[in-house]
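Next up, run.cif (mmCIF, C-alpha atoms):
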data_start
loop_
_atom_site.label_atom_id
_atom_site.label_comp_id
_atom_site.auth_asym_id
_atom_site.auth_seq_id
_atom_site.Cartn_x
_atom_site.Cartn_y
_atom_site.Cartn_z
CA MET H 1 98.06 190.18 118.69
CA PRO H 2 96.96 193.69 119.74
CA ARG H 3 100.50 195.03 119.73
CA HIS H 4 100.57 194.40 115.99
CA LEU H 5 97.61 196.72 115.39
CA SER H 6 98.65 199.51 113.11
CA HIS H 7 98.66 202.94 114.75
CA GLY H 8 98.51 201.25 118.15
CA HIS H 9 101.65 202.38 119.93
CA ALA H 10 103.56 205.18 118.36
CA PRO H 11 106.75 203.62 117.00
CA LEU H 12 105.21 201.75 114.10
CA SER H 13 107.69 203.35 111.77
CA SER H 14 110.44 205.88 112.05
CA ARG H 15 108.38 208.39 110.10
CA PRO H 16 106.85 211.05 112.36
CA ALA H 17 103.06 211.05 112.33
CA PHE H 18 101.46 214.32 111.31
CA LYS H 19 97.89 215.48 111.37
CA GLN H 20 95.90 215.52 108.21
CA PRO H 21 92.20 215.45 107.30
CA VAL H 22 90.52 212.05 107.53
CA TRP H 23 86.80 212.81 108.01
CA ASP H 24 85.04 215.50 106.03
CA LEU H 25 82.34 217.71 107.56
CA PRO H 26 79.38 215.73 106.10
CA VAL H 27 80.69 212.46 107.60
CA ARG H 28 81.18 214.07 111.01
CA LEU H 29 77.79 215.79 110.96
CA PHE H 30 76.17 212.53 109.88
CA HIS H 31 77.85 210.65 112.71
CA TRP H 32 76.97 213.01 115.55
CA LEU H 33 73.44 213.75 114.33
CA LEU H 34 72.89 210.00 114.15
CA VAL H 35 74.14 209.59 117.72
CA GLY H 36 71.78 212.30 118.94
CA LEU H 37 68.78 211.07 116.96
CA ILE H 38 69.20 207.43 117.99
CA ALA H 39 69.38 208.53 121.63
CA PHE H 40 66.34 210.75 121.14
CA SER H 41 64.41 207.99 119.37
CA TRP H 42 65.12 205.64 122.24
CA TRP H 43 64.07 208.18 124.84
CA SER H 44 60.92 209.25 122.99
CA ALA H 45 59.78 205.64 122.53
CA GLU H 46 60.41 204.78 126.18
CA ASN H 47 58.42 207.84 127.26
CA ASP H 48 55.52 207.38 124.84
CA HIS H 49 56.23 210.45 122.70
CA PHE H 50 55.51 208.53 119.54
CA ASP H 51 54.81 211.59 117.41
CA TRP H 52 58.35 212.80 118.17
CA HIS H 53 59.65 209.26 117.75
CA ILE H 54 58.26 209.07 114.20
CA LEU H 55 59.74 212.47 113.28
CA SER H 56 63.07 211.37 114.69
CA GLY H 57 62.94 208.16 112.63
CA LEU H 58 62.21 210.14 109.47
CA SER H 59 65.17 212.40 110.25
CA ILE H 60 67.36 209.31 110.57
CA LEU H 61 65.98 208.09 107.24
CA THR H 62 67.12 211.37 105.69
CA LEU H 63 70.57 210.97 107.24
CA LEU H 64 70.89 207.38 106.00
CA LEU H 65 69.85 208.31 102.47
CA PHE H 66 72.37 211.13 102.50
CA ARG H 67 75.11 208.82 103.80
CA LEU H 68 74.34 206.27 101.10
CA LEU H 69 74.73 208.92 98.41
CA TRP H 70 77.81 210.43 100.05
CA GLY H 71 79.24 206.92 100.14
CA LEU H 72 79.06 206.92 96.35
CA PHE H 73 79.91 210.53 95.48
CA GLY H 74 81.65 211.93 98.58
CA SER H 75 85.20 212.26 99.88
CA SER H 76 87.54 209.32 99.41
CA THR H 77 87.29 208.20 103.07
CA ALA H 78 83.48 208.35 102.91
CA ARG H 79 83.16 206.13 99.85
CA PHE H 80 82.07 202.55 100.39
CA ALA H 81 84.28 201.43 97.52
CA ASN H 82 87.32 202.58 99.50
CA PHE H 83 86.58 200.89 102.80
CA VAL H 84 84.30 197.90 102.31
CA ARG H 85 86.82 195.08 102.25
CA GLY H 86 86.90 191.31 102.40
CA PRO H 87 88.28 189.05 105.15
CA SER H 88 91.81 188.95 103.71
CA HIS H 89 92.15 192.70 104.20
CA VAL H 90 90.85 192.38 107.76
CA LEU H 91 93.47 189.71 108.47
CA ARG H 92 96.22 191.79 106.93
CA TYR H 93 95.13 194.74 109.06
CA LEU H 94 95.21 192.60 112.20
CA ARG H 95 98.76 191.57 111.32
CA GLY H 96 99.73 195.23 111.02
CA GLY H 97 100.00 195.28 107.27
CA TRP H 98 97.51 198.03 106.54
CA HIS H 99 98.65 201.63 106.03
CA GLY H 100 95.66 203.61 104.83
CA ILE H 101 93.59 206.43 106.26
CA GLY H 102 89.91 206.41 107.15
CA HIS H 103 88.03 203.29 108.17
CA THR H 104 90.33 200.35 108.79
CA PRO H 105 89.17 197.06 107.22
CA LEU H 106 88.03 195.90 110.68
CA GLY H 107 86.38 199.21 111.55
CA ALA H 108 84.58 199.08 108.20
CA LEU H 109 82.81 195.89 109.30
CA SER H 110 81.53 197.78 112.32
CA VAL H 111 80.42 200.72 110.16
CA ILE H 112 78.56 198.45 107.74
CA ALA H 113 76.89 196.53 110.58
CA LEU H 114 75.79 199.75 112.29
CA LEU H 115 74.49 201.27 109.05
CA LEU H 116 72.61 198.06 108.20
CA ALA H 117 71.06 197.68 111.65
CA THR H 118 70.02 201.34 111.66
CA SER H 119 68.54 201.00 108.17
CA VAL H 120 66.58 197.90 109.18
CA GLN H 121 65.35 199.73 112.26
CA VAL H 122 64.14 202.72 110.27
CA GLY H 123 62.68 200.46 107.56
CA LEU H 124 60.65 198.52 110.13
CA GLY H 125 59.61 201.74 111.82
CA LEU H 126 58.07 203.06 108.60
CA PHE H 127 55.58 200.17 108.66
CA ASN H 128 55.11 200.06 112.43
CA GLU H 129 52.11 201.16 114.44
CA ASP H 130 51.31 201.08 118.14
CA ASP H 131 48.92 198.71 119.89
CA ASP H 132 45.99 201.12 119.57
CA GLY H 133 46.66 202.28 116.03
CA LEU H 134 47.03 205.84 117.31
CA TYR H 135 50.58 206.34 116.05
CA ALA H 136 51.66 204.83 112.77
CA GLY H 137 54.70 205.00 110.54
CA PRO H 138 53.99 206.65 107.19
CA LEU H 139 53.80 203.32 105.35
CA ALA H 140 51.84 201.31 107.96
CA ASN H 141 48.61 201.74 106.01
CA LEU H 142 50.09 199.63 103.20
CA LEU H 143 49.99 196.55 105.43
CA SER H 144 47.33 194.74 107.44
CA PRO H 145 47.16 195.30 111.21
CA ASP H 146 48.27 191.68 111.77
CA THR H 147 51.43 192.33 109.78
CA THR H 148 52.20 195.57 111.58
CA ASP H 149 51.78 193.70 114.89
CA SER H 150 54.65 191.39 113.83
CA ILE H 151 56.66 194.35 112.60
CA ARG H 152 56.36 195.95 116.02
CA GLU H 153 58.03 192.91 117.56
CA PHE H 154 60.86 192.94 115.02
CA HIS H 155 61.28 196.70 115.53
CA GLU H 156 61.81 196.06 119.24
CA LEU H 157 64.06 193.06 118.65
CA ASN H 158 66.23 194.82 116.09
CA PHE H 159 66.73 197.73 118.48
CA LYS H 160 68.37 195.30 120.90
CA ILE H 161 70.69 194.21 118.09
CA LEU H 162 71.45 197.84 117.26
CA LEU H 163 72.16 198.59 120.93
CA GLY H 164 74.52 195.59 121.05
CA LEU H 165 76.41 196.91 118.02
CA ILE H 166 76.62 200.38 119.59
CA VAL H 167 78.05 198.88 122.79
CA LEU H 168 80.60 197.00 120.69
CA HIS H 169 81.44 200.18 118.77
CA VAL H 170 81.98 202.24 121.94
CA GLY H 171 83.88 199.32 123.50
CA ALA H 172 86.26 199.22 120.52
CA ILE H 173 86.86 202.97 120.80
CA ILE H 174 87.74 202.58 124.49
CA PHE H 175 90.00 199.63 123.63
CA TYR H 176 91.95 201.71 121.09
CA ARG H 177 92.05 204.69 123.44
CA LEU H 178 93.70 202.52 126.11
CA ARG H 179 96.28 201.59 123.51
CA GLY H 180 97.00 205.22 122.74
CA LYS H 181 94.91 205.77 119.66
CA HIS H 182 92.29 208.52 119.74
CA LEU H 183 89.29 207.80 117.56
CA THR H 184 86.74 210.20 119.00
CA ARG H 185 88.76 213.40 118.55
CA PRO H 186 89.22 212.94 114.76
CA MET H 187 85.47 212.38 114.45
CA ILE H 188 85.07 215.85 116.02
CA THR H 189 87.95 217.80 114.47
CA GLY H 190 88.18 215.85 111.23
CA SER H 191 91.97 215.44 111.47
CA ALA H 192 94.11 212.64 112.81
CA ALA H 193 97.76 211.67 113.07
CA THR H 194 98.26 209.39 110.14
CA ASP H 195 100.95 207.49 108.38
CA PRO H 196 102.56 210.04 106.02
CA ALA H 197 102.94 207.24 103.50
CA ALA H 198 99.19 206.84 103.28
CA PRO H 199 97.48 208.63 100.39
CA PRO H 200 95.76 211.81 101.65
CA MET H 201 91.99 212.16 101.73
CA ARG H 202 90.52 213.40 98.49
CA PRO H 203 87.76 215.76 99.67
CA GLY H 204 84.31 215.67 98.13
CA LYS H 205 82.78 218.79 96.64
CA TRP H 206 80.46 220.91 98.78
CA TRP H 207 77.92 221.28 96.02
CA VAL H 208 77.81 217.51 95.55
CA ALA H 209 77.03 217.24 99.28
CA LEU H 210 74.17 219.71 98.84
CA ILE H 211 72.77 217.75 95.91
CA CYS H 212 73.00 214.51 97.95
CA LEU H 213 71.19 216.25 100.81
CA ALA H 214 68.48 217.60 98.52
CA ILE H 215 67.86 214.13 97.05
CA ALA H 216 67.81 212.57 100.53
CA LEU H 217 65.30 215.16 101.76
CA ALA H 218 63.09 214.68 98.71
CA ILE H 219 62.98 210.89 99.10
CA ALA H 220 62.35 211.13 102.85
CA ARG H 221 59.51 213.60 102.29
CA TRP H 222 57.98 211.32 99.72
CA VAL H 223 58.14 208.39 102.17
CA ALA H 224 56.73 210.58 104.96
CA ALA H 225 53.77 211.41 102.73
CA GLY H 226 52.97 207.68 102.50
CA ALA H 227 54.91 207.10 99.27
CA PRO H 228 52.19 208.23 96.85
CA PRO H 229 50.73 206.89 94.66
CA PHE H 230 51.29 203.52 96.40
CA GLY H 231 50.40 204.70 99.89
CA SER H 232 46.86 205.84 99.38
CA MET M 1 28.67 182.63 124.57
CA ARG M 2 29.96 186.12 124.03
CA ILE M 3 26.53 187.66 124.56
CA ALA M 4 26.05 185.58 127.69
CA LEU M 5 29.40 186.82 129.00
CA PHE M 6 28.51 190.40 128.10
CA ALA M 7 25.18 190.06 129.90
CA ALA M 8 26.83 188.55 132.95
CA VAL M 9 29.44 191.27 133.07
CA ALA M 10 26.84 193.97 132.46
CA THR M 11 24.84 192.69 135.40
CA VAL M 12 27.93 192.73 137.58
CA VAL M 13 28.77 196.25 136.43
CA LEU M 14 25.26 197.56 137.03
CA ALA M 15 25.08 195.86 140.40
CA SER M 16 28.45 197.25 141.41
CA GLY M 17 27.31 200.73 140.39
CA MET M 18 24.14 200.53 142.41
CA VAL M 19 25.74 199.21 145.54
CA ALA M 20 28.97 201.13 145.30
CA ALA M 21 29.94 200.51 148.89
CA LYS M 22 30.14 196.77 148.45
CA PRO M 23 33.58 195.69 147.17
CA LEU M 24 33.84 193.37 144.20
CA THR M 25 34.72 189.75 144.66
CA LYS M 26 37.91 188.67 142.97
CA GLY M 27 35.95 186.80 140.30
CA GLN M 28 33.79 189.82 139.53
CA GLY M 29 36.82 192.07 139.33
CA LEU M 30 38.66 189.73 136.99
CA ALA M 31 35.58 189.38 134.78
CA ILE M 32 35.40 193.15 134.41
CA MET M 33 39.13 193.34 133.69
CA HIS M 34 38.68 190.72 131.00
CA GLU M 35 35.85 192.60 129.36
CA ARG M 36 37.87 195.81 129.63
CA HIS M 37 40.87 194.21 127.96
CA GLU M 38 38.82 192.69 125.16
CA GLY M 39 36.89 195.93 124.70
CA MET M 40 39.97 198.15 124.55
CA GLU M 41 41.65 195.73 122.16
CA LYS M 42 38.56 195.78 119.97
CA ILE M 43 38.59 199.59 119.95
CA GLY M 44 42.27 199.51 118.94
CA ASP M 45 41.75 196.93 116.18
CA THR M 46 38.72 198.81 114.88
CA ASN M 47 40.70 202.03 114.87
CA LYS M 48 43.52 200.46 112.85
CA LEU M 49 41.10 199.51 110.08
CA LEU M 50 39.28 202.82 110.33
CA ARG M 51 42.53 204.78 110.01
CA ARG M 52 43.44 202.82 106.88
CA GLU M 53 40.10 203.69 105.29
CA LEU M 54 40.34 207.37 106.19
CA ALA M 55 43.90 207.55 104.84
CA SER M 56 42.75 206.41 101.43
CA ASP M 57 41.46 208.77 98.74
CA ASN M 58 38.26 206.83 98.53
CA PRO M 59 37.26 205.45 101.94
CA PHE M 60 34.90 202.48 101.95
CA MET M 61 32.02 204.08 103.82
CA PRO M 62 30.32 200.93 105.16
CA THR M 63 33.55 200.08 107.04
CA VAL M 64 33.85 203.65 108.29
CA LYS M 65 30.23 203.61 109.51
CA SER M 66 30.43 200.27 111.27
CA SER M 67 33.79 201.23 112.85
CA ALA M 68 32.35 204.50 114.14
CA ALA M 69 29.37 202.64 115.59
CA THR M 70 31.57 199.99 117.26
CA ILE M 71 33.84 202.57 118.85
CA ALA M 72 30.91 204.72 120.03
CA TYR M 73 29.21 201.68 121.55
CA LEU M 74 32.33 200.40 123.32
CA SER M 75 33.19 203.88 124.59
CA LYS M 76 29.85 203.92 126.43
CA ARG M 77 30.50 200.48 127.86
CA ALA M 78 33.83 201.78 129.19
CA SER M 79 31.93 203.63 131.94
CA GLY M 80 31.63 200.30 133.71
CA TRP M 81 35.16 199.07 133.04
CA PHE M 82 37.00 200.80 135.86
CA PRO M 83 35.36 200.07 139.22
CA ALA M 84 37.61 200.40 142.27
CA GLY M 85 39.69 197.31 142.88
CA THR M 86 40.33 196.39 139.24
CA GLY M 87 43.83 197.84 139.03
CA PRO M 88 47.22 196.13 138.89
CA GLU M 89 46.72 194.88 142.45
CA LEU M 90 44.13 192.40 141.16
CA GLY M 91 45.70 191.17 137.93
CA LYS M 92 47.67 191.89 134.80
CA THR M 93 46.44 195.12 133.28
CA GLY M 94 47.48 198.20 131.34
CA ALA M 95 45.41 200.36 133.70
CA LYS M 96 47.56 202.57 135.90
CA PRO M 97 46.72 203.04 139.61
CA GLU M 98 46.38 206.77 138.82
CA ILE M 99 42.90 206.00 137.44
CA TRP M 100 41.68 205.51 141.01
CA GLN M 101 43.98 208.11 142.53
CA LYS M 102 42.66 210.90 140.27
CA PRO M 103 39.09 209.74 139.64
CA GLN M 104 37.78 213.15 138.57
CA ASP M 105 40.49 213.66 135.97
CA PHE M 106 39.94 210.14 134.68
CA ALA M 107 36.17 210.55 134.51
CA ALA M 108 36.57 213.84 132.61
CA LYS M 109 38.95 212.25 130.08
CA LEU M 110 36.72 209.23 129.61
CA HIS M 111 33.77 211.57 129.10
CA ASN M 112 35.73 213.55 126.48
CA PHE M 113 36.38 210.30 124.61
CA GLN M 114 32.73 209.24 124.77
CA ALA M 115 31.58 212.66 123.56
CA ALA M 116 34.14 212.63 120.72
CA THR M 117 32.99 209.21 119.49
CA GLN M 118 29.42 210.57 119.29
CA VAL M 119 30.54 213.64 117.37
CA PHE M 120 32.62 211.48 115.05
CA GLN M 121 29.75 209.11 114.42
CA ALA M 122 27.47 212.05 113.63
CA ALA M 123 30.04 213.38 111.14
CA VAL M 124 30.28 209.95 109.50
CA ASN M 125 26.54 209.80 109.11
CA ALA M 126 26.48 213.33 107.66
CA GLY M 127 29.02 212.18 105.07
CA ASP M 128 31.33 215.19 104.57
CA THR M 129 34.84 213.72 104.12
CA ASN M 130 36.74 216.71 105.48
CA ALA M 131 34.53 216.89 108.55
CA ILE M 132 34.92 213.14 109.09
CA LYS M 133 38.71 213.42 109.01
CA GLY M 134 38.64 216.42 111.34
CA ARG M 135 36.37 214.74 113.90
CA TYR M 136 38.44 211.56 113.62
CA ALA M 137 41.57 213.49 114.56
CA ASP M 138 39.68 215.02 117.51
CA MET M 139 38.58 211.58 118.67
CA ILE M 140 42.08 210.12 118.40
CA HIS M 141 43.34 213.03 120.45
CA THR M 142 41.00 212.06 123.31
CA CYS M 143 42.42 208.49 123.21
CA SER M 144 46.02 209.65 123.60
CA ALA M 145 45.09 212.30 126.16
CA CYS M 146 43.79 209.59 128.47
CA HIS M 147 46.40 206.93 127.63
CA ASP M 148 49.25 209.38 128.27
CA THR M 149 48.24 209.62 131.92
CA PHE M 150 46.34 206.46 132.72
CA ARG M 151 47.72 203.65 130.61
CA MET M 152 50.94 201.69 130.88
CA ASP M 153 52.55 199.29 128.45
CA MET M 154 51.11 195.85 128.58
CA HIS M 155 52.84 193.21 126.56
CA HIS M 156 50.67 190.21 125.96
#
Can I see the file as structure tokens?
Amino acid sequence: MPRHLSHGHAPLSSRPAFKQPVWDLPVRLFHWLLVGLIAFSWWSAENDHFDWHILSGLSILTLLLFRLLWGLFGSSTARFANFVRGPSHVLRYLRGGWHGIGHTPLGALSVIALLLATSVQVGLGLFNEDDDGLYAGPLANLLSPDTTDSIREFHELNFKILLGLIVLHVGAIIFYRLRGKHLTRPMITGSAATDPAAPPMRPGKWWVALICLAIALAIARWVAAGAPPFGS
Amino acid sequence: MRIALFAAVATVVLASGMVAAKPLTKGQGLAIMHERHEGMEKIGDTNKLLRRELASDNPFMPTVKSSAATIAYLSKRASGWFPAGTGPELGKTGAKPEIWQKPQDFAAKLHNFQAATQVFQAAVNAGDTNAIKGRYADMIHTCSACHDTFRMDMHH
């Protein structure tokens, strides 16, 4: 089966592969900032720096909100409508019958799972508080201490799920790398060798990215303030 | 039942303080650890409700007052919660061995907490909202200052 994966070994077609843009700057920044902030959140929680942990979580909230908006109004490869696909597309991809750019139908499942698990993690964190009530997410005051006690358990459980998905994600990248396909480098440079027959990426507009960022920051700040008028 | 237990533990604590040289029996040590655990948990639970009140625009003052009194009272009781021999070597606890390795530092931090609960309670009784919030933040700071060094995670 793996030898049928598109872009696996070079001679998929007689057409020479050439490099073209696949990931815009906002997508790449989102990805690597998310990597750094998830690592930092993990470290800060393990080492009891909960004030930093909460700030890190709010930063991730901002990133997620931005990514959601960029998934609606961004470059073609960033848009959910262009990569969220059903099982038939995944099967066709596995049989080698997919010739697009950006997230493959299988990779898209991974992206969606990672985004969902991260969103759940941040969502739970907003309502979480520690054992002593010394550190609390900005929305914890909306719930009773009994409820936040349960949320703390789910926050810890969901992190294990998120870690599992990250391991799977990195494992898949290594798997493709062993088969000759670089996935990490395009996420850094933005360009990849692609099928010339595939339609090129239609880049989003920089000012749309700025508007998305401004909206994401505004919503995150509102949440951080306890979501007035509901929070107080 | 609870009062009887408190009285029993208080007696043990006082006795242990007076005859410091005599080590605790295992039963005495475990009884103190139990009171310590319940007491710390009560402080935490009280704080969670207190923080919710102080976060609101219109705190319910009777809750704030009773919470301040509970925390001030329990903070005083904490002086008897950490006799030598009640660390992880005796039973399950969130108390780190450092408490008994750096007794002066621990005593200073515990004293800071006890003093801050008094100051907070005084502010609550005086009734100025801004002062209450300020002294609350000070008090919370003394909790974390001690927990950062002397407390470990305890999942129960």
Result set of the PyMOL selection byres ((chain H) within 10 of (chain M)) on the coordinates above, as a ChimeraX atom specification: /H:46-49,129-136,140-146,226,231-232
Residues returned when the PyMOL selection byres ((chain M and resi 81) around 8) runs on this file, as a ChimeraX atom specification: /M:13,32-33,35-36,77-80,82-83
Point (50.3, 201.8, 132.4), cut-off 7 Å, counting all atoms listed in the file, residues as a VMD selection string: chain M and resid 94 to 96 150 to 153
Taking all atoms of segment 141-145 of chain H that the file lists and extending 6 Å past them on each side, where is the centre of the axis-aligned box and how long are its edges? Answer in Å to one decimal, as AutoDock Vina command-line options.
--center_x 48.6 --center_y 198.2 --center_z 107.2 --size_x 14.9 --size_y 19.0 --size_z 20.0
Two-atom distance - atom CA of Ala68 of chain M, atom CA of Cys146 of chain M (Å): 19.0 Å
Top pick for closest residue to Phe60 of chain M, considering M:Ala131, M:Val124, M:Ala116, M:Ala145 and counting only C-alpha atoms: M:Val124
Cut-off 9 Å around (95.9, 208.4, 101.8) with all atoms listed in the file: residues as a list of chain:residue names: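 Nearby residues: H:Val22, H:Ser76, H:Thr77, H:His99, H:Gly100, H:Ile101, H:Gly102, H:Thr194, H:Asp195, H:Pro196, H:Ala197, H:Ala198, H:Pro199, H:Pro200, H:Met201, H:Arg202.
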Please provide the set of residues having any atom within 10 Å of segment 189-191 of chain H, restricted to only C-alpha atoms, with same-chain residues fewer than 5 positions apart removed, written as a compact mmCIF listing (two decimals) with C-alpha atoms, in the coordinates of the input.
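around_24.txt was written with the following content:
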# COMPACT_ATOMS: atom_id res chain seq x y z
CA PHE H 18 101.46 214.32 111.31
CA LYS H 19 97.89 215.48 111.37
CA GLN H 20 95.90 215.52 108.21
CA PRO H 21 92.20 215.45 107.30
CA VAL H 22 90.52 212.05 107.53
CA TRP H 23 86.80 212.81 108.01
CA ASP H 24 85.04 215.50 106.03
CA LEU H 25 82.34 217.71 107.56
CA VAL H 27 80.69 212.46 107.60
CA ARG H 28 81.18 214.07 111.01
CA THR H 184 86.74 210.20 119.00
Residue with smallest distance to Trp42 of chain H - pool H:Ala227, H:Leu213, H:Leu65, H:Leu162, counting only C-alpha atoms: H:Leu162
Picked residues, the PyMOL selection byres ((chain M and resi 109) around 10), as a list in words: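 That selection, the PyMOL selection byres ((chain M and resi 109) around 10), comes back as Pro103, Gln104, Asp105, Phe106, Ala107, Ala108, Leu110, His111, Asn112, Phe113, Gln114, Ala115, Thr142, Cys143, Ser144, Ala145, Cys146, His147, Thr149 and Phe150 of chain M.
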Distance in Å - atom CA of Gly71 of chain H versus atom CA of Ala117 of chain H: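 Computing it gives 16.9 Å between the two atoms.
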Two-atom distance - atom CA of Gly137 of chain H, atom CA of Leu157 of chain H (Å):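 Value for the atom CA of Gly137 of chain H-atom CA of Leu157 of chain H distance: 17.2 Å.
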Spatial neighbours of segment 104-116 of chain H, max dist 9 Å, all atoms listed in the file, sep filter under 6 positions, as a list of chain:residue names: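 Contacts, in chain order: H:Leu64, H:Phe80, H:Phe83, H:Val84, H:Arg85, H:Gly86, H:Pro87, H:His89, H:Val90, H:Leu91, H:Arg92, H:Tyr93, H:Leu94, H:Trp98, H:Leu162, H:Leu165, H:Ile166, H:Leu168, H:His169, H:Ala172.
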Export: segment 125-140 of chain H, N, CA and C atoms, as an mmCIF file, in the first residue's frame:
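This is the output file selection_22.cif:
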data_model
loop_
_atom_site.group_PDB
_atom_site.id
_atom_site.type_symbol
_atom_site.label_atom_id
_atom_site.label_comp_id
_atom_site.auth_asym_id
_atom_site.auth_seq_id
_atom_site.Cartn_x
_atom_site.Cartn_y
_atom_site.Cartn_z
ATOM 1 N N GLY H 125 -9.011 24.646 29.954
ATOM 2 C CA GLY H 125 -8.091 25.459 30.753
ATOM 3 C C GLY H 125 -8.720 26.770 31.200
ATOM 4 N N LEU H 126 -9.577 27.348 30.364
ATOM 5 C CA LEU H 126 -10.203 28.625 30.715
ATOM 6 C C LEU H 126 -11.028 28.513 31.989
ATOM 7 N N PHE H 127 -11.578 27.315 32.233
ATOM 8 C CA PHE H 127 -12.454 27.106 33.395
ATOM 9 C C PHE H 127 -11.736 26.374 34.523
ATOM 10 N N ASN H 128 -10.451 26.116 34.358
ATOM 11 C CA ASN H 128 -9.715 25.303 35.315
ATOM 12 C C ASN H 128 -9.194 26.153 36.471
ATOM 13 N N GLU H 129 -8.993 25.527 37.609
ATOM 14 C CA GLU H 129 -8.253 26.182 38.684
ATOM 15 C C GLU H 129 -7.498 25.108 39.457
ATOM 16 N N ASP H 130 -6.451 25.540 40.155
ATOM 17 C CA ASP H 130 -5.638 24.548 40.864
ATOM 18 C C ASP H 130 -6.319 24.150 42.172
ATOM 19 N N ASP H 131 -5.747 23.146 42.805
ATOM 20 C CA ASP H 131 -6.250 22.578 44.050
ATOM 21 C C ASP H 131 -6.555 23.630 45.109
ATOM 22 N N ASP H 132 -5.715 24.645 45.191
ATOM 23 C CA ASP H 132 -5.822 25.635 46.261
ATOM 24 C C ASP H 132 -6.615 26.867 45.849
ATOM 25 N N GLY H 133 -7.014 26.915 44.575
ATOM 26 C CA GLY H 133 -7.719 28.103 44.112
ATOM 27 C C GLY H 133 -6.811 29.309 43.968
ATOM 28 N N LEU H 134 -5.498 29.064 43.906
ATOM 29 C CA LEU H 134 -4.562 30.192 43.798
ATOM 30 C C LEU H 134 -4.415 30.658 42.357
ATOM 31 N N TYR H 135 -4.495 29.717 41.434
ATOM 32 C CA TYR H 135 -4.372 30.046 40.009
ATOM 33 C C TYR H 135 -5.634 29.567 39.310
ATOM 34 N N ALA H 136 -6.266 30.470 38.573
ATOM 35 C CA ALA H 136 -7.525 30.105 37.941
ATOM 36 C C ALA H 136 -7.572 30.645 36.520
ATOM 37 N N GLY H 137 -8.143 29.852 35.627
ATOM 38 C CA GLY H 137 -8.403 30.336 34.276
ATOM 39 C C GLY H 137 -9.390 31.494 34.351
ATOM 40 N N PRO H 138 -9.411 32.338 33.310
ATOM 41 C CA PRO H 138 -10.216 33.566 33.393
ATOM 42 C C PRO H 138 -11.713 33.326 33.544
ATOM 43 N N LEU H 139 -12.189 32.118 33.205
ATOM 44 C CA LEU H 139 -13.624 31.863 33.294
ATOM 45 C C LEU H 139 -13.989 30.930 34.446
ATOM 46 N N ALA H 140 -13.013 30.576 35.282
ATOM 47 C CA ALA H 140 -13.260 29.610 36.368
ATOM 48 C C ALA H 140 -14.307 30.124 37.351
#
